[in-house]
file upload-v3.tsv (TSV, C-alpha atoms)
chain	number	residue	atom	x	y	z
A	18	MET	CA	-2.14	-122.15	-24.13
A	19	GLN	CA	-2.23	-125.65	-25.58
A	20	THR	CA	-5.85	-126.04	-24.49
A	21	LEU	CA	-6.79	-122.95	-26.48
A	22	GLY	CA	-4.77	-124.11	-29.47
A	23	LEU	CA	-2.49	-121.06	-29.32
A	24	SER	CA	0.83	-122.77	-28.72
A	25	ASP	CA	3.23	-124.03	-31.33
A	26	SER	CA	2.33	-127.64	-30.54
A	27	THR	CA	1.21	-128.43	-34.08
A	28	PRO	CA	3.75	-130.83	-35.54
A	29	ARG	CA	5.74	-129.46	-38.47
A	30	THR	CA	4.88	-131.03	-41.81
A	31	GLU	CA	8.56	-130.98	-42.82
A	32	GLY	CA	12.02	-130.71	-41.29
A	33	ARG	CA	13.87	-127.44	-40.67
A	34	LEU	CA	16.35	-127.87	-43.51
A	35	LYS	CA	13.64	-128.71	-46.02
A	36	SER	CA	11.55	-125.74	-44.88
A	37	LEU	CA	14.63	-123.53	-45.13
A	38	PHE	CA	15.73	-124.59	-48.61
A	39	TRP	CA	12.59	-125.98	-50.30
A	40	PRO	CA	9.46	-125.19	-48.26
A	41	SER	CA	5.95	-126.34	-48.97
A	42	VAL	CA	2.59	-125.22	-47.63
A	43	ARG	CA	0.00	-127.69	-46.45
A	44	ASN	CA	-1.89	-125.66	-43.85
A	45	GLY	CA	-2.18	-122.24	-42.21
A	46	ASP	CA	0.52	-123.10	-39.67
A	47	ASP	CA	2.99	-123.60	-42.55
A	48	VAL	CA	2.08	-120.18	-43.99
A	49	ASP	CA	2.68	-118.54	-40.62
A	50	TYR	CA	5.91	-120.46	-40.07
A	51	LEU	CA	7.27	-119.43	-43.49
A	52	GLY	CA	6.53	-115.77	-42.78
A	53	THR	CA	8.31	-115.98	-39.44
A	54	GLN	CA	11.24	-117.85	-40.96
A	55	GLY	CA	11.54	-115.27	-43.74
A	56	PHE	CA	11.56	-112.44	-41.23
A	57	TRP	CA	14.38	-114.03	-39.23
A	58	ILE	CA	16.37	-114.78	-42.40
A	59	CYS	CA	16.19	-111.13	-43.47
A	60	VAL	CA	17.12	-109.94	-39.96
A	61	LEU	CA	20.11	-112.28	-39.95
A	62	VAL	CA	21.21	-111.04	-43.39
A	63	ALA	CA	20.74	-107.45	-42.16
A	64	LEU	CA	23.01	-108.05	-39.17
A	65	VAL	CA	25.68	-109.89	-41.21
A	66	THR	CA	25.67	-107.19	-43.89
A	67	PHE	CA	25.87	-104.42	-41.30
A	68	ALA	CA	28.72	-106.13	-39.45
A	69	ALA	CA	30.67	-106.74	-42.67
A	70	SER	CA	30.18	-103.15	-43.82
A	71	ALA	CA	31.12	-101.70	-40.45
A	72	PHE	CA	34.20	-103.95	-40.30
A	73	THR	CA	35.37	-102.71	-43.71
A	74	GLY	CA	34.79	-99.06	-42.81
A	75	HIS	CA	31.54	-98.48	-44.69
A	76	GLY	CA	29.25	-97.72	-41.76
A	77	ILE	CA	26.73	-95.58	-43.65
A	78	ILE	CA	26.17	-98.22	-46.34
A	79	GLY	CA	26.02	-100.81	-43.56
A	80	ALA	CA	23.31	-98.84	-41.74
A	81	LEU	CA	21.34	-98.45	-44.97
A	82	SER	CA	21.70	-102.17	-45.64
A	83	LEU	CA	20.53	-102.93	-42.11
A	84	LEU	CA	17.44	-100.77	-42.63
A	85	PHE	CA	16.84	-102.25	-46.09
A	86	PHE	CA	16.97	-105.89	-44.99
A	87	TYR	CA	15.08	-105.28	-41.74
A	88	LEU	CA	12.22	-103.55	-43.53
A	89	GLY	CA	12.38	-106.26	-46.20
A	90	GLY	CA	12.00	-108.82	-43.41
A	91	VAL	CA	8.94	-106.98	-42.13
A	92	GLY	CA	7.51	-107.16	-45.66
A	93	VAL	CA	8.34	-110.85	-45.95
A	94	ARG	CA	6.59	-111.51	-42.63
A	95	GLU	CA	3.52	-109.91	-44.17
A	96	HIS	CA	3.97	-112.05	-47.33
A	97	SER	CA	5.18	-109.27	-49.64
A	98	ARG	CA	6.59	-110.79	-52.80
A	99	TYR	CA	8.21	-107.46	-53.66
A	100	ALA	CA	10.16	-107.36	-50.39
A	101	ALA	CA	11.45	-110.91	-50.87
A	102	THR	CA	12.41	-110.17	-54.48
A	103	VAL	CA	14.39	-107.00	-53.79
A	104	ALA	CA	16.23	-108.62	-50.89
A	105	LEU	CA	17.40	-111.39	-53.22
A	106	LEU	CA	18.25	-108.90	-56.00
A	107	PHE	CA	20.42	-106.85	-53.66
A	108	VAL	CA	22.54	-109.83	-52.61
A	109	VAL	CA	22.83	-111.09	-56.20
A	110	THR	CA	23.97	-107.63	-57.34
A	111	ASP	CA	26.45	-107.49	-54.47
A	112	THR	CA	27.80	-110.90	-55.45
A	113	VAL	CA	28.26	-109.79	-59.07
A	114	ALA	CA	30.24	-106.78	-57.86
A	115	PHE	CA	32.48	-108.44	-55.30
A	116	GLY	CA	32.55	-112.04	-56.47
A	117	PRO	CA	31.01	-115.13	-54.97
A	118	THR	CA	32.01	-116.34	-51.54
A	119	VAL	CA	30.67	-119.29	-49.62
A	120	LEU	CA	28.69	-116.92	-47.37
A	121	ARG	CA	27.19	-114.97	-50.29
A	122	VAL	CA	26.20	-118.14	-52.15
A	123	ALA	CA	24.58	-119.52	-48.97
A	124	ILE	CA	22.71	-116.24	-48.44
A	125	ILE	CA	21.54	-116.27	-52.07
A	126	ALA	CA	20.29	-119.85	-51.69
A	127	VAL	CA	18.40	-119.03	-48.51
A	128	LEU	CA	16.95	-115.79	-49.92
A	129	PHE	CA	15.87	-117.61	-53.10
A	130	SER	CA	14.11	-120.17	-50.93
A	131	ASN	CA	12.65	-117.27	-48.95
A	132	LEU	CA	11.31	-115.73	-52.18
A	133	ARG	CA	9.77	-119.06	-53.17
A	134	ALA	CA	8.21	-119.48	-49.72
A	135	THR	CA	6.83	-115.94	-49.77
A	136	TRP	CA	5.36	-116.51	-53.21
A	137	ILE	CA	3.68	-119.71	-52.04
A	138	ALA	CA	2.44	-118.14	-48.79
A	139	ALA	CA	1.09	-115.03	-50.54
A	140	ARG	CA	-1.03	-117.21	-52.84
A	141	TRP	CA	-2.16	-119.59	-50.09
A	142	ASN	CA	-5.87	-119.22	-49.53
A	143	PRO	CA	-7.73	-122.51	-49.83
A	144	GLU	CA	-11.19	-122.75	-48.38
A	145	SER	CA	-10.50	-125.50	-45.87
A	146	LYS	CA	-10.40	-125.75	-42.11
A	147	GLU	CA	-6.62	-126.28	-42.24
A	148	ALA	CA	-6.16	-122.94	-44.02
A	149	VAL	CA	-6.89	-120.90	-40.89
A	150	ILE	CA	-3.77	-118.97	-39.94
A	151	PRO	CA	-2.99	-119.25	-36.22
A	152	PRO	CA	-3.41	-116.11	-34.12
A	153	ARG	CA	-0.32	-114.03	-33.57
A	154	LEU	CA	1.00	-114.18	-30.05
A	155	ARG	CA	1.85	-111.25	-27.77
A	156	GLU	CA	3.39	-112.94	-24.75
A	157	THR	CA	7.13	-112.55	-25.16
A	158	TRP	CA	9.39	-109.88	-26.60
A	159	SER	CA	10.12	-112.22	-29.51
A	160	ASP	CA	6.39	-112.71	-30.17
A	161	LYS	CA	5.88	-108.97	-30.30
A	162	LEU	CA	8.92	-108.45	-32.55
A	163	VAL	CA	7.97	-111.16	-35.05
A	164	ASP	CA	4.18	-111.31	-34.87
A	165	ILE	CA	2.76	-107.95	-33.77
A	166	MET	CA	5.26	-105.34	-34.93
A	167	PRO	CA	5.36	-106.34	-38.65
A	168	MET	CA	1.56	-106.46	-38.75
A	169	TRP	CA	1.45	-102.93	-37.33
A	170	LEU	CA	4.49	-101.50	-39.18
A	171	TRP	CA	4.16	-102.84	-42.75
A	172	PRO	CA	1.01	-100.90	-43.74
A	173	LYS	CA	2.65	-97.70	-42.49
A	174	ILE	CA	6.06	-98.11	-44.20
A	175	ARG	CA	5.20	-100.16	-47.26
A	176	TYR	CA	5.30	-97.26	-49.74
A	177	PHE	CA	8.41	-95.80	-48.10
A	178	PHE	CA	10.07	-99.20	-48.50
A	179	TYR	CA	9.16	-99.34	-52.18
A	180	VAL	CA	10.79	-95.96	-52.86
A	181	PHE	CA	13.74	-96.61	-50.53
A	182	SER	CA	14.44	-100.04	-52.03
A	183	ILE	CA	14.34	-98.75	-55.61
A	184	GLY	CA	16.73	-95.93	-54.72
A	185	PHE	CA	19.00	-98.26	-52.78
A	186	LEU	CA	19.08	-100.82	-55.60
A	187	MET	CA	19.88	-98.05	-58.09
A	188	LEU	CA	22.72	-96.89	-55.84
A	189	GLU	CA	23.95	-100.49	-55.68
A	190	ALA	CA	23.73	-100.83	-59.49
A	191	VAL	CA	25.77	-97.65	-60.00
A	192	GLY	CA	28.36	-98.96	-57.57
A	193	VAL	CA	28.52	-102.30	-59.36
A	194	MET	CA	28.95	-100.60	-62.73
A	195	MET	CA	31.79	-98.49	-61.34
A	196	ILE	CA	33.49	-101.57	-59.87
A	197	LEU	CA	33.13	-103.54	-63.11
A	198	ARG	CA	34.38	-100.59	-65.18
A	199	ARG	CA	37.40	-100.23	-62.93
A	200	ARG	CA	38.21	-103.94	-63.36
A	201	ALA	CA	38.01	-103.74	-67.17
call {"tool": "encode", "arguments": {"input": "upload-v3.tsv", "output": "structure tokens"}}
result
Amino acid sequence: MQTLGLSDSTPRTEGRLKSLFWPSVRNGDDVDYLGTQGFWICVLVALVTFAASAFTGHGIIGALSLLFFYLGGVGVREHSRYAATVALLFVVTDTVAFGPTVLRVAIIAVLFSNLRATWIAARWNPESKEAVIPPRLRETWSDKLVDIMPMWLWPKIRYFFYVFSIGFLMLEAVGVMMILRRRA
């Protein structure tokens, strides 16, 4: 694999923490890495949100949140600025409703960074040799989940996600208004 240039042997241009909280793009490998990182961030947020909702007895909302963030992660992997934006908006709205916690603030920071990275990656298209995006791998289950499946799924569910996310955000906004009205 290394002989063909298909392995992840290219050295990272920045550390993990910097790429997580303030990423930059210098070549095609960085663009691919940011898409993969954004996918995993959204999947992690989906699982945490689902677990928290299920633990508090709101399984249906938890399942919808899981679907929302997972499909948002698929969009982020395919460099959708819309998907990254609505994922951040949902968590910010949730934080307004229920108050900030350390976990919510950390998730907002990471999703904001994810939005910034997606914005940079979506605009990345210089005409240089370094701009070539590496091929997506198909060897392991993880490769197929992160590289192949979003590429196949996003064109098919993109418009569904737009409608679903708008409806879900409206539902969240109504819930927030009811919570804030009850507090007043």
call {"tool": "closest_residue", "arguments": {"input": "upload-v3.tsv", "among": "A:Arg121, A:His96, A:Lys35, A:Arg175", "to": "Trp141 in chain A", "atoms": "only C-alpha atoms"}}
result
A:His96
call {"tool": "closest_atom_pairs", "arguments": {"input": "upload-v3.tsv", "of": "range 171-192 of chain A", "to": "range 63-82 of chain A", "cutoff": "10 Å", "atoms": "only C-alpha atoms", "output": "CSV"}}
result
residue,atom,partner,partner_atom,distance
A:Phe181,CA,A:Leu81,CA,9.6
A:Ser182,CA,A:Ser82,CA,9.9
A:Phe185,CA,A:Leu81,CA,8.2
A:Glu189,CA,A:Ile78,CA,9.9
call {"tool": "closest_residue", "arguments": {"input": "upload-v3.tsv", "among": "A:Phe115, A:Tyr99, A:Trp158, A:Trp136", "to": "Val180 in chain A", "atoms": "all atoms listed in the file"}}
result
A:Tyr99
call {"tool": "closest_residue", "arguments": {"input": "upload-v3.tsv", "among": "A:Tyr87, A:Phe38, A:Phe56, A:Phe107", "to": "Phe178 in chain A", "atoms": "all atoms listed in the file"}}
result
A:Tyr87
call {"tool": "atom_distance", "arguments": {"input": "upload-v3.tsv", "atom1": "CA of Ile124 in chain A", "atom2": "CA of Leu51 in chain A"}}
result
16.5 Å
call {"tool": "residues_around", "arguments": {"input": "upload-v3.tsv", "residues": "Trp171 in chain A", "least_positions_apart": "6", "cutoff": "8 Å", "atoms": "all atoms listed in the file", "output": "VMD selection string"}}
result
chain A and resid 91 to 92 95
call {"tool": "write_last_selection", "arguments": {"input": "upload-v3.tsv", "atoms": "C-alpha atoms", "output": "mmCIF file, in the frame of the given file"}}
result
data_model
loop_
_atom_site.group_PDB
_atom_site.id
_atom_site.type_symbol
_atom_site.label_atom_id
_atom_site.label_comp_id
_atom_site.auth_asym_id
_atom_site.auth_seq_id
_atom_site.Cartn_x
_atom_site.Cartn_y
_atom_site.Cartn_z
ATOM 1 C CA VAL A 91 8.940 -106.980 -42.130
ATOM 2 C CA GLY A 92 7.510 -107.160 -45.660
ATOM 3 C CA GLU A 95 3.520 -109.910 -44.170
#
call {"tool": "closest_residue", "arguments": {"input": "upload-v3.tsv", "among": "A:Thr112, A:Leu84, A:Val193, A:Leu132", "to": "Ile58 in chain A", "atoms": "all atoms listed in the file"}}
result
A:Leu132
call {"tool": "closest_residue", "arguments": {"input": "upload-v3.tsv", "among": "A:Pro172, A:Gly184, A:Gly116, A:Gly32", "to": "Tyr50 in chain A", "atoms": "only C-alpha atoms"}}
result
A:Gly32
call {"tool": "residues_near_point", "arguments": {"input": "upload-v3.tsv", "point": "(13.0, -125.4, -47.8)", "cutoff": "12 Å", "atoms": "only C-alpha atoms", "output": "list in words"}}
result
Thr30, Glu31, Gly32, Arg33, Leu34, Lys35, Ser36, Leu37, Phe38, Trp39, Pro40, Ser41, Val42, Asp47, Tyr50, Leu51, Gln54, Gly55, Ala126, Val127, Leu128, Phe129, Ser130, Asn131, Leu132, Arg133, Ala134, Thr135 and Ile137 of chain A
call {"tool": "closest_residue", "arguments": {"input": "upload-v3.tsv", "among": "A:Ile183, A:Met166, A:Val48, A:Cys59", "to": "Ala104 in chain A", "atoms": "all atoms listed in the file"}}
result
A:Cys59
call {"tool": "atom_distance", "arguments": {"input": "upload-v3.tsv", "atom1": "CA of Glu156 in chain A", "atom2": "CA of Leu61 in chain A"}}
result
22.6 Å
call {"tool": "atom_distance", "arguments": {"input": "upload-v3.tsv", "atom1": "CA of Ala190 in chain A", "atom2": "CA of Ile174 in chain A"}}
result
23.5 Å
call {"tool": "build_atoms", "arguments": {"input": "upload-v3.tsv", "residues": "range 105-125 of chain A", "atoms": "N, CA, C and O atoms", "output": "PDB file, keeping the file's coordinate frame"}}
result
ATOM      1  N   LEU A 105      16.591-110.472 -52.420  1.00  0.00           N
ATOM      2  CA  LEU A 105      17.400-111.390 -53.220  1.00  0.00           C
ATOM      3  C   LEU A 105      18.192-110.625 -54.286  1.00  0.00           C
ATOM      4  O   LEU A 105      19.383-110.876 -54.484  1.00  0.00           O
ATOM      5  N   LEU A 106      17.568-109.679 -54.970  1.00  0.00           N
ATOM      6  CA  LEU A 106      18.250-108.900 -56.000  1.00  0.00           C
ATOM      7  C   LEU A 106      19.449-108.147 -55.449  1.00  0.00           C
ATOM      8  O   LEU A 106      20.496-108.060 -56.101  1.00  0.00           O
ATOM      9  N   PHE A 107      19.316-107.596 -54.255  1.00  0.00           N
ATOM     10  CA  PHE A 107      20.420-106.850 -53.660  1.00  0.00           C
ATOM     11  C   PHE A 107      21.631-107.743 -53.435  1.00  0.00           C
ATOM     12  O   PHE A 107      22.751-107.371 -53.760  1.00  0.00           O
ATOM     13  N   VAL A 108      21.415-108.928 -52.896  1.00  0.00           N
ATOM     14  CA  VAL A 108      22.540-109.830 -52.610  1.00  0.00           C
ATOM     15  C   VAL A 108      23.140-110.356 -53.916  1.00  0.00           C
ATOM     16  O   VAL A 108      24.365-110.491 -54.027  1.00  0.00           O
ATOM     17  N   VAL A 109      22.305-110.634 -54.906  1.00  0.00           N
ATOM     18  CA  VAL A 109      22.830-111.090 -56.200  1.00  0.00           C
ATOM     19  C   VAL A 109      23.684-109.988 -56.830  1.00  0.00           C
ATOM     20  O   VAL A 109      24.787-110.247 -57.336  1.00  0.00           O
ATOM     21  N   THR A 110      23.221-108.750 -56.804  1.00  0.00           N
ATOM     22  CA  THR A 110      23.970-107.630 -57.340  1.00  0.00           C
ATOM     23  C   THR A 110      25.297-107.453 -56.595  1.00  0.00           C
ATOM     24  O   THR A 110      26.341-107.227 -57.200  1.00  0.00           O
ATOM     25  N   ASP A 111      25.248-107.583 -55.292  1.00  0.00           N
ATOM     26  CA  ASP A 111      26.450-107.490 -54.470  1.00  0.00           C
ATOM     27  C   ASP A 111      27.440-108.595 -54.831  1.00  0.00           C
ATOM     28  O   ASP A 111      28.647-108.363 -54.891  1.00  0.00           O
ATOM     29  N   THR A 112      26.940-109.780 -55.091  1.00  0.00           N
ATOM     30  CA  THR A 112      27.800-110.900 -55.450  1.00  0.00           C
ATOM     31  C   THR A 112      28.436-110.692 -56.822  1.00  0.00           C
ATOM     32  O   THR A 112      29.601-111.038 -57.023  1.00  0.00           O
ATOM     33  N   VAL A 113      27.695-110.105 -57.754  1.00  0.00           N
ATOM     34  CA  VAL A 113      28.260-109.790 -59.070  1.00  0.00           C
ATOM     35  C   VAL A 113      29.410-108.796 -58.914  1.00  0.00           C
ATOM     36  O   VAL A 113      30.446-108.925 -59.555  1.00  0.00           O
ATOM     37  N   ALA A 114      29.233-107.820 -58.042  1.00  0.00           N
ATOM     38  CA  ALA A 114      30.240-106.780 -57.860  1.00  0.00           C
ATOM     39  C   ALA A 114      31.496-107.299 -57.174  1.00  0.00           C
ATOM     40  O   ALA A 114      32.611-106.988 -57.591  1.00  0.00           O
ATOM     41  N   PHE A 115      31.340-108.057 -56.129  1.00  0.00           N
ATOM     42  CA  PHE A 115      32.480-108.440 -55.300  1.00  0.00           C
ATOM     43  C   PHE A 115      32.899-109.891 -55.444  1.00  0.00           C
ATOM     44  O   PHE A 115      33.848-110.318 -54.807  1.00  0.00           O
ATOM     45  N   GLY A 116      32.196-110.640 -56.256  1.00  0.00           N
ATOM     46  CA  GLY A 116      32.550-112.040 -56.470  1.00  0.00           C
ATOM     47  C   GLY A 116      31.881-112.954 -55.461  1.00  0.00           C
ATOM     48  O   GLY A 116      31.541-112.540 -54.351  1.00  0.00           O
ATOM     49  N   PRO A 117      31.692-114.193 -55.863  1.00  0.00           N
ATOM     50  CA  PRO A 117      31.010-115.130 -54.970  1.00  0.00           C
ATOM     51  C   PRO A 117      31.936-115.606 -53.852  1.00  0.00           C
ATOM     52  O   PRO A 117      33.125-115.817 -54.057  1.00  0.00           O
ATOM     53  N   THR A 118      31.355-115.704 -52.680  1.00  0.00           N
ATOM     54  CA  THR A 118      32.010-116.340 -51.540  1.00  0.00           C
ATOM     55  C   THR A 118      31.053-117.407 -51.031  1.00  0.00           C
ATOM     56  O   THR A 118      29.880-117.429 -51.415  1.00  0.00           O
ATOM     57  N   VAL A 119      31.526-118.246 -50.173  1.00  0.00           N
ATOM     58  CA  VAL A 119      30.670-119.290 -49.620  1.00  0.00           C
ATOM     59  C   VAL A 119      29.487-118.650 -48.880  1.00  0.00           C
ATOM     60  O   VAL A 119      28.338-119.075 -49.025  1.00  0.00           O
ATOM     61  N   LEU A 120      29.757-117.587 -48.116  1.00  0.00           N
ATOM     62  CA  LEU A 120      28.690-116.920 -47.370  1.00  0.00           C
ATOM     63  C   LEU A 120      27.671-116.294 -48.307  1.00  0.00           C
ATOM     64  O   LEU A 120      26.464-116.438 -48.105  1.00  0.00           O
ATOM     65  N   ARG A 121      28.127-115.608 -49.342  1.00  0.00           N
ATOM     66  CA  ARG A 121      27.190-114.970 -50.290  1.00  0.00           C
ATOM     67  C   ARG A 121      26.344-116.000 -51.021  1.00  0.00           C
ATOM     68  O   ARG A 121      25.148-115.805 -51.215  1.00  0.00           O
ATOM     69  N   VAL A 122      26.953-117.100 -51.448  1.00  0.00           N
ATOM     70  CA  VAL A 122      26.200-118.140 -52.150  1.00  0.00           C
ATOM     71  C   VAL A 122      25.164-118.760 -51.208  1.00  0.00           C
ATOM     72  O   VAL A 122      24.019-119.015 -51.615  1.00  0.00           O
ATOM     73  N   ALA A 123      25.531-118.972 -49.951  1.00  0.00           N
ATOM     74  CA  ALA A 123      24.580-119.520 -48.970  1.00  0.00           C
ATOM     75  C   ALA A 123      23.434-118.537 -48.747  1.00  0.00           C
ATOM     76  O   ALA A 123      22.261-118.937 -48.680  1.00  0.00           O
ATOM     77  N   ILE A 124      23.753-117.249 -48.643  1.00  0.00           N
ATOM     78  CA  ILE A 124      22.710-116.240 -48.440  1.00  0.00           C
ATOM     79  C   ILE A 124      21.794-116.177 -49.655  1.00  0.00           C
ATOM     80  O   ILE A 124      20.572-116.089 -49.515  1.00  0.00           O
ATOM     81  N   ILE A 125      22.364-116.272 -50.860  1.00  0.00           N
ATOM     82  CA  ILE A 125      21.540-116.270 -52.070  1.00  0.00           C
ATOM     83  C   ILE A 125      20.606-117.481 -52.081  1.00  0.00           C
ATOM     84  O   ILE A 125      19.419-117.365 -52.400  1.00  0.00           O
TER      85      ILE A 125
END
